[in-house]
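Visitor: Contents of coords.cif (mmCIF, N, CA and C atoms) are below:
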```
data_final
loop_
_atom_site.label_atom_id
_atom_site.label_comp_id
_atom_site.auth_asym_id
_atom_site.auth_seq_id
_atom_site.Cartn_x
_atom_site.Cartn_y
_atom_site.Cartn_z
N MET J 1 -16.08 -1.07 81.13
CA MET J 1 -15.85 -2.46 81.41
C MET J 1 -14.54 -2.56 82.16
N PRO J 2 -14.56 -3.07 83.37
CA PRO J 2 -13.33 -3.16 84.18
C PRO J 2 -12.49 -4.36 83.76
N TYR J 3 -11.26 -4.09 83.35
CA TYR J 3 -10.36 -5.17 82.94
C TYR J 3 -9.49 -5.53 84.11
N THR J 4 -9.53 -6.80 84.51
CA THR J 4 -8.78 -7.23 85.68
C THR J 4 -7.55 -8.02 85.31
N LYS J 5 -7.71 -9.09 84.53
CA LYS J 5 -6.58 -9.92 84.14
C LYS J 5 -6.97 -10.77 82.94
N ALA J 6 -5.94 -11.32 82.28
CA ALA J 6 -6.21 -12.23 81.16
C ALA J 6 -6.88 -13.47 81.69
N VAL J 7 -7.80 -14.02 80.89
CA VAL J 7 -8.56 -15.18 81.32
C VAL J 7 -8.45 -16.29 80.27
N ASP J 8 -8.26 -17.51 80.72
CA ASP J 8 -8.14 -18.68 79.85
C ASP J 8 -9.53 -19.17 79.47
N ILE J 9 -9.81 -19.27 78.17
CA ILE J 9 -11.14 -19.71 77.72
C ILE J 9 -11.16 -21.20 77.36
N SER J 10 -10.06 -21.90 77.57
CA SER J 10 -9.93 -23.30 77.15
C SER J 10 -10.99 -24.22 77.75
N ASN J 11 -11.44 -23.96 78.95
CA ASN J 11 -12.39 -24.86 79.62
C ASN J 11 -13.84 -24.40 79.47
N LYS J 12 -14.11 -23.46 78.60
CA LYS J 12 -15.46 -22.93 78.42
C LYS J 12 -16.13 -23.59 77.21
N THR J 13 -17.45 -23.62 77.23
CA THR J 13 -18.20 -24.21 76.11
C THR J 13 -19.26 -23.24 75.62
N GLY J 14 -19.85 -23.57 74.49
CA GLY J 14 -20.89 -22.72 73.92
C GLY J 14 -20.32 -21.78 72.89
N SER J 15 -21.08 -20.77 72.54
CA SER J 15 -20.60 -19.76 71.60
C SER J 15 -21.02 -18.38 72.11
N LEU J 16 -20.23 -17.40 71.75
CA LEU J 16 -20.49 -16.02 72.17
C LEU J 16 -20.39 -15.10 70.96
N SER J 17 -21.27 -14.14 70.91
CA SER J 17 -21.24 -13.12 69.87
C SER J 17 -20.67 -11.85 70.48
N TYR J 18 -19.53 -11.39 69.98
CA TYR J 18 -18.85 -10.22 70.52
C TYR J 18 -19.14 -8.98 69.68
N SER J 19 -19.25 -7.83 70.34
CA SER J 19 -19.35 -6.55 69.63
C SER J 19 -18.62 -5.48 70.43
N SER J 20 -18.14 -4.49 69.72
CA SER J 20 -17.31 -3.45 70.34
C SER J 20 -18.13 -2.50 71.19
N ASN J 21 -17.48 -1.96 72.22
CA ASN J 21 -18.12 -0.98 73.09
C ASN J 21 -17.22 0.21 73.39
N SER J 22 -15.95 0.14 72.98
CA SER J 22 -15.03 1.27 73.19
C SER J 22 -13.87 1.12 72.22
N PHE J 23 -13.19 2.23 71.94
CA PHE J 23 -12.04 2.19 71.03
C PHE J 23 -11.14 3.38 71.25
N ALA J 24 -9.91 3.25 70.78
CA ALA J 24 -8.95 4.35 70.72
C ALA J 24 -8.01 4.01 69.59
N GLY J 25 -7.60 5.02 68.82
CA GLY J 25 -6.68 4.74 67.73
C GLY J 25 -6.35 5.96 66.91
N THR J 26 -5.41 5.79 65.98
CA THR J 26 -4.94 6.90 65.16
C THR J 26 -4.73 6.44 63.71
N ASP J 27 -4.63 7.44 62.83
CA ASP J 27 -4.28 7.16 61.44
C ASP J 27 -2.79 7.45 61.23
N GLU J 28 -2.34 7.42 59.96
CA GLU J 28 -0.91 7.59 59.68
C GLU J 28 -0.36 8.96 60.05
N LEU J 29 -1.24 9.95 60.21
CA LEU J 29 -0.81 11.29 60.60
C LEU J 29 -0.89 11.51 62.11
N GLY J 30 -1.34 10.50 62.83
CA GLY J 30 -1.48 10.62 64.28
C GLY J 30 -2.81 11.21 64.70
N ALA J 31 -3.72 11.43 63.76
CA ALA J 31 -5.04 11.97 64.08
C ALA J 31 -5.94 10.87 64.63
N ALA J 32 -6.78 11.23 65.58
CA ALA J 32 -7.67 10.27 66.23
C ALA J 32 -8.69 9.70 65.25
N LEU J 33 -8.95 8.41 65.39
CA LEU J 33 -9.99 7.77 64.59
C LEU J 33 -11.36 8.30 65.00
N LYS J 34 -12.28 8.39 64.05
CA LYS J 34 -13.64 8.90 64.31
C LYS J 34 -14.54 7.81 64.89
N ASN J 35 -14.39 6.57 64.41
CA ASN J 35 -15.26 5.50 64.87
C ASN J 35 -14.61 4.15 64.57
N VAL J 36 -14.89 3.17 65.42
CA VAL J 36 -14.46 1.79 65.19
C VAL J 36 -15.59 0.88 65.65
N GLN J 37 -15.98 -0.04 64.80
CA GLN J 37 -16.98 -1.06 65.15
C GLN J 37 -16.40 -2.41 64.77
N MET J 38 -16.48 -3.36 65.70
CA MET J 38 -15.93 -4.69 65.47
C MET J 38 -16.89 -5.72 66.05
N SER J 39 -17.04 -6.84 65.35
CA SER J 39 -17.89 -7.91 65.85
C SER J 39 -17.41 -9.24 65.28
N PHE J 40 -17.73 -10.33 66.00
CA PHE J 40 -17.43 -11.68 65.53
C PHE J 40 -18.15 -12.69 66.40
N LEU J 41 -18.21 -13.93 65.92
CA LEU J 41 -18.81 -15.04 66.65
C LEU J 41 -17.70 -15.99 67.06
N LEU J 42 -17.66 -16.36 68.33
CA LEU J 42 -16.63 -17.25 68.88
C LEU J 42 -17.26 -18.56 69.33
N ASP J 43 -16.75 -19.68 68.80
CA ASP J 43 -17.12 -21.01 69.26
C ASP J 43 -16.12 -21.39 70.35
N LEU J 44 -16.56 -21.38 71.59
CA LEU J 44 -15.65 -21.62 72.71
C LEU J 44 -15.07 -23.03 72.70
N ALA J 45 -15.86 -24.02 72.36
CA ALA J 45 -15.38 -25.41 72.40
C ALA J 45 -14.26 -25.65 71.40
N GLY J 46 -14.41 -25.14 70.19
CA GLY J 46 -13.40 -25.37 69.15
C GLY J 46 -12.42 -24.23 68.98
N GLY J 47 -12.75 -23.07 69.53
CA GLY J 47 -11.87 -21.91 69.42
C GLY J 47 -11.93 -21.19 68.09
N SER J 48 -12.91 -21.51 67.24
CA SER J 48 -12.97 -20.85 65.95
C SER J 48 -13.69 -19.50 66.06
N ILE J 49 -13.19 -18.56 65.28
CA ILE J 49 -13.79 -17.23 65.17
C ILE J 49 -14.28 -17.09 63.74
N ARG J 50 -15.54 -16.69 63.58
CA ARG J 50 -16.10 -16.52 62.24
C ARG J 50 -17.00 -15.29 62.20
N ASN J 51 -17.41 -14.94 60.99
CA ASN J 51 -18.28 -13.77 60.77
C ASN J 51 -17.67 -12.49 61.34
N GLY J 52 -16.35 -12.36 61.25
CA GLY J 52 -15.68 -11.19 61.79
C GLY J 52 -15.78 -9.98 60.88
N ASN J 53 -16.09 -8.84 61.49
CA ASN J 53 -16.18 -7.57 60.77
C ASN J 53 -15.52 -6.47 61.59
N LEU J 54 -14.73 -5.66 60.91
CA LEU J 54 -14.10 -4.49 61.53
C LEU J 54 -14.31 -3.32 60.57
N VAL J 55 -14.92 -2.25 61.07
CA VAL J 55 -15.12 -1.03 60.28
C VAL J 55 -14.47 0.11 61.05
N VAL J 56 -13.50 0.76 60.41
CA VAL J 56 -12.75 1.86 61.02
C VAL J 56 -13.00 3.11 60.19
N GLU J 57 -13.37 4.20 60.85
CA GLU J 57 -13.51 5.48 60.17
C GLU J 57 -12.36 6.36 60.61
N ASP J 58 -11.49 6.71 59.65
CA ASP J 58 -10.31 7.50 60.02
C ASP J 58 -10.64 8.99 60.11
N ALA J 59 -9.65 9.81 60.40
CA ALA J 59 -9.86 11.25 60.60
C ALA J 59 -10.34 11.94 59.33
N SER J 60 -10.05 11.34 58.15
CA SER J 60 -10.50 11.91 56.88
C SER J 60 -11.89 11.41 56.49
N ARG J 61 -12.52 10.66 57.39
CA ARG J 61 -13.86 10.09 57.18
C ARG J 61 -13.87 8.98 56.13
N ILE J 62 -12.71 8.39 55.86
CA ILE J 62 -12.65 7.22 54.99
C ILE J 62 -12.92 5.99 55.84
N LYS J 63 -13.80 5.12 55.36
CA LYS J 63 -14.13 3.89 56.09
C LYS J 63 -13.30 2.73 55.56
N TRP J 64 -12.67 2.03 56.50
CA TRP J 64 -11.92 0.82 56.22
C TRP J 64 -12.83 -0.34 56.65
N THR J 65 -13.24 -1.17 55.71
CA THR J 65 -14.14 -2.27 56.00
C THR J 65 -13.39 -3.58 55.79
N VAL J 66 -13.27 -4.37 56.86
CA VAL J 66 -12.47 -5.60 56.83
C VAL J 66 -13.30 -6.76 57.35
N THR J 67 -13.20 -7.90 56.67
CA THR J 67 -13.78 -9.15 57.17
C THR J 67 -12.63 -10.05 57.60
N PHE J 68 -12.92 -10.95 58.54
CA PHE J 68 -11.88 -11.85 59.03
C PHE J 68 -12.48 -13.10 59.66
N ALA J 69 -11.64 -14.10 59.85
CA ALA J 69 -11.95 -15.30 60.62
C ALA J 69 -10.84 -15.37 61.68
N GLY J 70 -10.66 -16.50 62.32
CA GLY J 70 -9.57 -16.60 63.27
C GLY J 70 -9.72 -17.77 64.20
N SER J 71 -8.84 -17.78 65.20
CA SER J 71 -8.88 -18.84 66.20
C SER J 71 -8.52 -18.27 67.56
N ALA J 72 -9.03 -18.94 68.59
CA ALA J 72 -8.78 -18.52 69.97
C ALA J 72 -8.35 -19.73 70.78
N GLY J 73 -7.48 -19.50 71.73
CA GLY J 73 -7.03 -20.55 72.62
C GLY J 73 -6.31 -19.95 73.80
N GLY J 74 -6.40 -20.59 74.94
CA GLY J 74 -5.81 -20.00 76.14
C GLY J 74 -6.48 -18.68 76.42
N SER J 75 -5.70 -17.62 76.55
CA SER J 75 -6.28 -16.30 76.80
C SER J 75 -6.19 -15.38 75.58
N GLY J 76 -5.75 -15.92 74.43
CA GLY J 76 -5.54 -15.06 73.27
C GLY J 76 -6.34 -15.46 72.06
N ALA J 77 -6.36 -14.56 71.08
CA ALA J 77 -7.03 -14.80 69.81
C ALA J 77 -6.23 -14.15 68.70
N SER J 78 -6.22 -14.81 67.56
CA SER J 78 -5.53 -14.29 66.38
C SER J 78 -6.50 -14.32 65.21
N MET J 79 -6.69 -13.18 64.58
CA MET J 79 -7.60 -13.09 63.44
C MET J 79 -6.80 -13.28 62.16
N THR J 80 -7.35 -14.05 61.23
CA THR J 80 -6.67 -14.37 59.98
C THR J 80 -7.59 -14.09 58.81
N GLY J 81 -7.06 -14.24 57.61
CA GLY J 81 -7.88 -14.08 56.42
C GLY J 81 -8.44 -12.68 56.27
N LEU J 82 -7.69 -11.66 56.70
CA LEU J 82 -8.16 -10.29 56.60
C LEU J 82 -8.35 -9.91 55.14
N ASP J 83 -9.52 -9.38 54.82
CA ASP J 83 -9.84 -8.93 53.48
C ASP J 83 -10.57 -7.61 53.63
N GLY J 84 -10.05 -6.55 53.02
CA GLY J 84 -10.70 -5.27 53.24
C GLY J 84 -10.54 -4.28 52.12
N LYS J 85 -11.38 -3.24 52.18
CA LYS J 85 -11.35 -2.17 51.20
C LYS J 85 -11.61 -0.84 51.89
N LEU J 86 -11.32 0.23 51.18
CA LEU J 86 -11.54 1.59 51.67
C LEU J 86 -12.69 2.23 50.90
N SER J 87 -13.49 3.05 51.60
CA SER J 87 -14.64 3.68 50.96
C SER J 87 -14.22 4.63 49.85
N GLY J 88 -13.04 5.21 49.94
CA GLY J 88 -12.57 6.13 48.91
C GLY J 88 -11.88 5.42 47.76
N GLY J 89 -11.92 4.10 47.74
CA GLY J 89 -11.23 3.31 46.73
C GLY J 89 -9.94 2.77 47.31
N GLY J 90 -9.54 1.65 46.86
CA GLY J 90 -8.32 1.02 47.36
C GLY J 90 -8.64 -0.21 48.19
N LYS J 91 -7.59 -0.97 48.45
CA LYS J 91 -7.72 -2.24 49.16
C LYS J 91 -6.75 -2.27 50.32
N VAL J 92 -7.15 -2.91 51.40
CA VAL J 92 -6.24 -3.12 52.54
C VAL J 92 -5.18 -4.10 52.07
N THR J 93 -3.92 -3.69 52.12
CA THR J 93 -2.83 -4.51 51.60
C THR J 93 -2.16 -5.36 52.66
N SER J 94 -2.23 -4.94 53.90
CA SER J 94 -1.67 -5.75 54.99
C SER J 94 -2.34 -5.34 56.29
N GLY J 95 -2.22 -6.23 57.27
CA GLY J 95 -2.82 -5.91 58.55
C GLY J 95 -2.75 -7.05 59.53
N SER J 96 -3.12 -6.73 60.76
CA SER J 96 -3.10 -7.70 61.84
C SER J 96 -4.17 -7.33 62.86
N ILE J 97 -4.82 -8.35 63.41
CA ILE J 97 -5.76 -8.16 64.52
C ILE J 97 -5.46 -9.27 65.52
N GLN J 98 -5.16 -8.89 66.76
CA GLN J 98 -4.87 -9.82 67.84
C GLN J 98 -5.74 -9.44 69.04
N GLY J 99 -6.04 -10.39 69.90
CA GLY J 99 -6.85 -10.08 71.06
C GLY J 99 -6.49 -10.89 72.28
N VAL J 100 -6.90 -10.39 73.43
CA VAL J 100 -6.74 -11.11 74.69
C VAL J 100 -8.06 -11.05 75.45
N PHE J 101 -8.45 -12.19 76.03
CA PHE J 101 -9.68 -12.26 76.82
C PHE J 101 -9.37 -11.80 78.24
N VAL J 102 -10.25 -10.98 78.79
CA VAL J 102 -10.02 -10.39 80.11
C VAL J 102 -11.29 -10.43 80.95
N GLY J 103 -11.10 -10.33 82.26
CA GLY J 103 -12.23 -10.25 83.17
C GLY J 103 -12.40 -11.50 84.00
N ALA J 104 -13.38 -11.48 84.85
CA ALA J 104 -13.59 -12.58 85.78
C ALA J 104 -14.90 -13.31 85.53
N SER J 105 -15.64 -12.93 84.51
CA SER J 105 -16.95 -13.56 84.31
C SER J 105 -16.84 -14.82 83.47
N ALA J 106 -17.92 -15.60 83.44
CA ALA J 106 -17.98 -16.81 82.60
C ALA J 106 -17.99 -16.44 81.12
N LYS J 107 -18.34 -15.20 80.82
CA LYS J 107 -18.33 -14.69 79.46
C LYS J 107 -17.35 -13.51 79.41
N PRO J 108 -16.07 -13.80 79.21
CA PRO J 108 -15.05 -12.75 79.31
C PRO J 108 -15.13 -11.70 78.21
N ASP J 109 -14.70 -10.50 78.53
CA ASP J 109 -14.56 -9.43 77.55
C ASP J 109 -13.29 -9.68 76.74
N MET J 110 -13.05 -8.86 75.75
CA MET J 110 -11.82 -8.95 74.97
C MET J 110 -11.28 -7.56 74.71
N ILE J 111 -9.97 -7.45 74.70
CA ILE J 111 -9.30 -6.25 74.20
C ILE J 111 -8.57 -6.69 72.94
N ALA J 112 -8.85 -6.04 71.82
CA ALA J 112 -8.22 -6.37 70.54
C ALA J 112 -7.38 -5.20 70.06
N ALA J 113 -6.26 -5.52 69.46
CA ALA J 113 -5.39 -4.52 68.84
C ALA J 113 -5.39 -4.77 67.34
N PHE J 114 -5.44 -3.70 66.55
CA PHE J 114 -5.42 -3.85 65.10
C PHE J 114 -4.46 -2.84 64.47
N ASN J 115 -3.91 -3.22 63.34
CA ASN J 115 -3.21 -2.29 62.46
C ASN J 115 -3.49 -2.71 61.03
N LEU J 116 -3.85 -1.75 60.22
CA LEU J 116 -4.22 -1.99 58.82
C LEU J 116 -3.46 -1.01 57.94
N GLN J 117 -3.06 -1.46 56.76
CA GLN J 117 -2.35 -0.60 55.84
C GLN J 117 -2.94 -0.73 54.44
N ALA J 118 -3.02 0.39 53.74
CA ALA J 118 -3.45 0.45 52.34
C ALA J 118 -2.54 1.46 51.65
N GLY J 119 -1.53 0.98 50.96
CA GLY J 119 -0.55 1.90 50.37
C GLY J 119 0.19 2.63 51.47
N THR J 120 0.20 3.96 51.42
CA THR J 120 0.86 4.76 52.46
C THR J 120 -0.08 5.11 53.61
N ASN J 121 -1.35 4.75 53.48
CA ASN J 121 -2.33 5.02 54.54
C ASN J 121 -2.35 3.89 55.54
N LYS J 122 -2.55 4.24 56.81
CA LYS J 122 -2.68 3.19 57.83
C LYS J 122 -3.55 3.67 58.97
N VAL J 123 -4.11 2.71 59.68
CA VAL J 123 -4.86 2.96 60.90
C VAL J 123 -4.45 1.89 61.91
N GLU J 124 -4.48 2.27 63.19
CA GLU J 124 -4.17 1.32 64.25
C GLU J 124 -4.89 1.73 65.51
N GLY J 125 -5.16 0.73 66.36
CA GLY J 125 -5.86 1.08 67.58
C GLY J 125 -6.20 -0.13 68.44
N LEU J 126 -6.94 0.15 69.49
CA LEU J 126 -7.43 -0.84 70.44
C LEU J 126 -8.95 -0.79 70.45
N VAL J 127 -9.56 -1.96 70.64
CA VAL J 127 -11.02 -2.06 70.70
C VAL J 127 -11.40 -2.89 71.91
N GLY J 128 -12.34 -2.41 72.72
CA GLY J 128 -12.92 -3.20 73.81
C GLY J 128 -14.17 -3.87 73.30
N LEU J 129 -14.32 -5.18 73.56
CA LEU J 129 -15.48 -5.93 73.09
C LEU J 129 -16.10 -6.71 74.24
N SER J 130 -17.41 -6.88 74.18
CA SER J 130 -18.14 -7.66 75.17
C SER J 130 -19.08 -8.63 74.47
N PRO J 131 -19.34 -9.78 75.11
CA PRO J 131 -20.31 -10.72 74.53
C PRO J 131 -21.74 -10.26 74.80
#
```
Please render this file's structure as structure tokens.

Guide:
Amino acid sequence: MPYTKAVDISNKTGSLSYSSNSFAGTDELGAALKNVQMSFLLDLAGGSIRNGNLVVEDASRIKWTVTFAGSAGGSGASMTGLDGKLSGGGKVTSGSIQGVFVGASAKPDMIAAFNLQAGTNKVEGLVGLSP
């Protein structure tokens, strides 16, 4: 997906369902993540983000499963209400997911950045998403 520039979604209407198509990231030891899947529904008129899911598989094959909501405006998005757990036991104790809309189409792509922490364990990375 060719990223050209940030795009303002303020004048768009309808809703879009986003899902991931590429990723890059590391765990607390600097090892590459095995897999990242992210999806959410965006209401363009109101800017609300709902039904958000992020699943990250770290280098140790532990899955981090997070749900979220959020809001979008201008060219950016901020995910809130992060709630997550780890497949090996434990809970996500802190984290952040932010995004920027990019491209020249009427249905812009998004690049999202995330960082999640559970005790001394953490994962962080970038995700490319398309509607």

Visitor: Show me, as a PyMOL selection string, the residues that have an atom within 6.5 Å of Gly128 (chain J) when counting all atoms listed in the file, minus same-chain residues fewer than 4 positions from it.

Guide: chain J and resi 19-24+110-112

Visitor: For the PyMOL selection byres (((chain J and resi 124 and name CA) around 7) and name CA), applied here, can you spell out every residue it catches as a PyMOL selection string?

Guide: chain J and resi 25-27+114-116+122-123+125

Visitor: Got a sec to check which residues sit within 6.5 Å of (-7.1, -12.3, 82.4), counting only N, CA and C atoms, and write them as a list in words?

Guide: Thr4, Lys5, Ala6, Val7, Asp8, Phe101, Val102 and Gly103 of chain J

Visitor: As JSON, numbers by chain, which residues of chain J does DSSP assign to strand (DSSP E)?

Guide: {"J": [15, 16, 17, 18, 19, 20, 21, 22, 23, 24, 25, 26, 27, 35, 36, 37, 38, 39, 40, 41, 42, 43, 48, 49, 50, 51, 52, 53, 54, 55, 56, 57, 63, 64, 65, 66, 67, 68, 69, 70, 71, 72, 73, 76, 77, 78, 79, 80, 81, 82, 83, 84, 85, 86, 94, 95, 96, 97, 98, 99, 100, 101, 102, 109, 110, 111, 112, 113, 114, 115, 116, 117, 118, 121, 122, 123, 124, 125, 126, 127, 128, 129, 130]}

Visitor: Suppose a student applies the PyMOL selection byres ((chain J and resi 87) around 8) to this structure; what residues should they get, written as number ranges by chain?

Guide: J: 61-65, 84-86, 88-91

Visitor: Could those residues be written to a file, using N, CA and C atoms, as an mmCIF file, keeping the file's coordinate frame?

Guide:
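Heads up, here's the output in out.cif:
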```
data_model
loop_
_atom_site.group_PDB
_atom_site.id
_atom_site.type_symbol
_atom_site.label_atom_id
_atom_site.label_comp_id
_atom_site.auth_asym_id
_atom_site.auth_seq_id
_atom_site.Cartn_x
_atom_site.Cartn_y
_atom_site.Cartn_z
ATOM 1 N N ARG J 61 -12.520 10.660 57.390
ATOM 2 C CA ARG J 61 -13.860 10.090 57.180
ATOM 3 C C ARG J 61 -13.870 8.980 56.130
ATOM 4 N N ILE J 62 -12.710 8.390 55.860
ATOM 5 C CA ILE J 62 -12.650 7.220 54.990
ATOM 6 C C ILE J 62 -12.920 5.990 55.840
ATOM 7 N N LYS J 63 -13.800 5.120 55.360
ATOM 8 C CA LYS J 63 -14.130 3.890 56.090
ATOM 9 C C LYS J 63 -13.300 2.730 55.560
ATOM 10 N N TRP J 64 -12.670 2.030 56.500
ATOM 11 C CA TRP J 64 -11.920 0.820 56.220
ATOM 12 C C TRP J 64 -12.830 -0.340 56.650
ATOM 13 N N THR J 65 -13.240 -1.170 55.710
ATOM 14 C CA THR J 65 -14.140 -2.270 56.000
ATOM 15 C C THR J 65 -13.390 -3.580 55.790
ATOM 16 N N GLY J 84 -10.050 -6.550 53.020
ATOM 17 C CA GLY J 84 -10.700 -5.270 53.240
ATOM 18 C C GLY J 84 -10.540 -4.280 52.120
ATOM 19 N N LYS J 85 -11.380 -3.240 52.180
ATOM 20 C CA LYS J 85 -11.350 -2.170 51.200
ATOM 21 C C LYS J 85 -11.610 -0.840 51.890
ATOM 22 N N LEU J 86 -11.320 0.230 51.180
ATOM 23 C CA LEU J 86 -11.540 1.590 51.670
ATOM 24 C C LEU J 86 -12.690 2.230 50.900
ATOM 25 N N GLY J 88 -13.040 5.210 49.940
ATOM 26 C CA GLY J 88 -12.570 6.130 48.910
ATOM 27 C C GLY J 88 -11.880 5.420 47.760
ATOM 28 N N GLY J 89 -11.920 4.100 47.740
ATOM 29 C CA GLY J 89 -11.230 3.310 46.730
ATOM 30 C C GLY J 89 -9.940 2.770 47.310
ATOM 31 N N GLY J 90 -9.540 1.650 46.860
ATOM 32 C CA GLY J 90 -8.320 1.020 47.360
ATOM 33 C C GLY J 90 -8.640 -0.210 48.190
ATOM 34 N N LYS J 91 -7.590 -0.970 48.450
ATOM 35 C CA LYS J 91 -7.720 -2.240 49.160
ATOM 36 C C LYS J 91 -6.750 -2.270 50.320
#
```

Visitor: Using Å and a single decimal, report how far atom C of Val56 (chain J) sits from atom N of Gly70 (chain J).

Guide: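 Taking atom N of Gly70 (chain J) and atom C of Val56 (chain J), their separation equals 19.9 Å.
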
Visitor: Applied to the shown file, which residues does the PyMOL selection byres ((chain J and resi 93) around 6) return, written as a ChimeraX atom specification?

Guide: /J:91-92,94-95,117-119

Visitor: Measure the distance from CA of Leu29 (chain J) to CA of Thr120 (chain J) in Å and round it to one decimal.

Guide: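 Interatomic distance, CA of Leu29 (chain J) to CA of Thr120 (chain J): 10.6 Å.
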
Visitor: Can you work out the spacing between CA of Lys107 (chain J) and CA of Lys34 (chain J) in Å, to one decimal?

Guide: 28.4 Å

Visitor: Of the candidates J:Leu82, J:Ala59, J:Ile49, J:Ala72, which shows the shortest atom-to-atom distance to Ser10 (chain J), using only N, CA and C atoms?

Guide: J:Ala72

Visitor: For each of J:Ala113, J:Met38, J:Pro131, J:Ala31, take the minimum atom-to-atom distance to Leu54 (chain J), counting only N, CA and C atoms, then give the residue where this is smallest.

Guide: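 Of the candidates, the smallest distance to Leu54 (chain J) is held by J:Met38.
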
Visitor: Rank J:Ser71, J:Gln98, J:Ser130, J:Gly76 by their smallest atom-to-atom distance to Gly46 (chain J), using all atoms listed in the file, and report the top residue only.

Guide: J:Ser71

Visitor: For region 105-117 of chain J, take all atoms listed in the file, fit an axis-aligned box around them, add 4 Å to each of the six sides, then output centre and edge lengths in Å rounded to one decimal, as lines of an AutoDock Vina configuration file.

Guide:
```
center_x = -10.3
center_y = -8.7
center_z = 69.5
size_x = 24.0
size_y = 24.2
size_z = 38.1
```

Visitor: Of the residues J:Gly52, J:Gly14, J:Leu41, J:Leu33, which is the one nearest to Ala69 (chain J), using all atoms listed in the file?

Guide: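 Closest residue, counting all atoms listed in the file: J:Gly52.
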
Visitor: Calculated over all atoms listed in the file, which of the candidates J:Ser17, J:Ala32, J:Asp58, J:Ile9 has the smallest distance to Ala45 (chain J)?

Guide: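 Among the listed residues, J:Ile9 lies closest to Ala45 (chain J).
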
Visitor: My list of candidates is J:Thr67, J:Thr80, J:Gln37, J:Ser96. Which is closest to Val55 (chain J) when distances are computed with all atoms listed in the file?

Guide: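 Residue with the minimum atom-to-atom distance to Val55 (chain J): J:Gln37.
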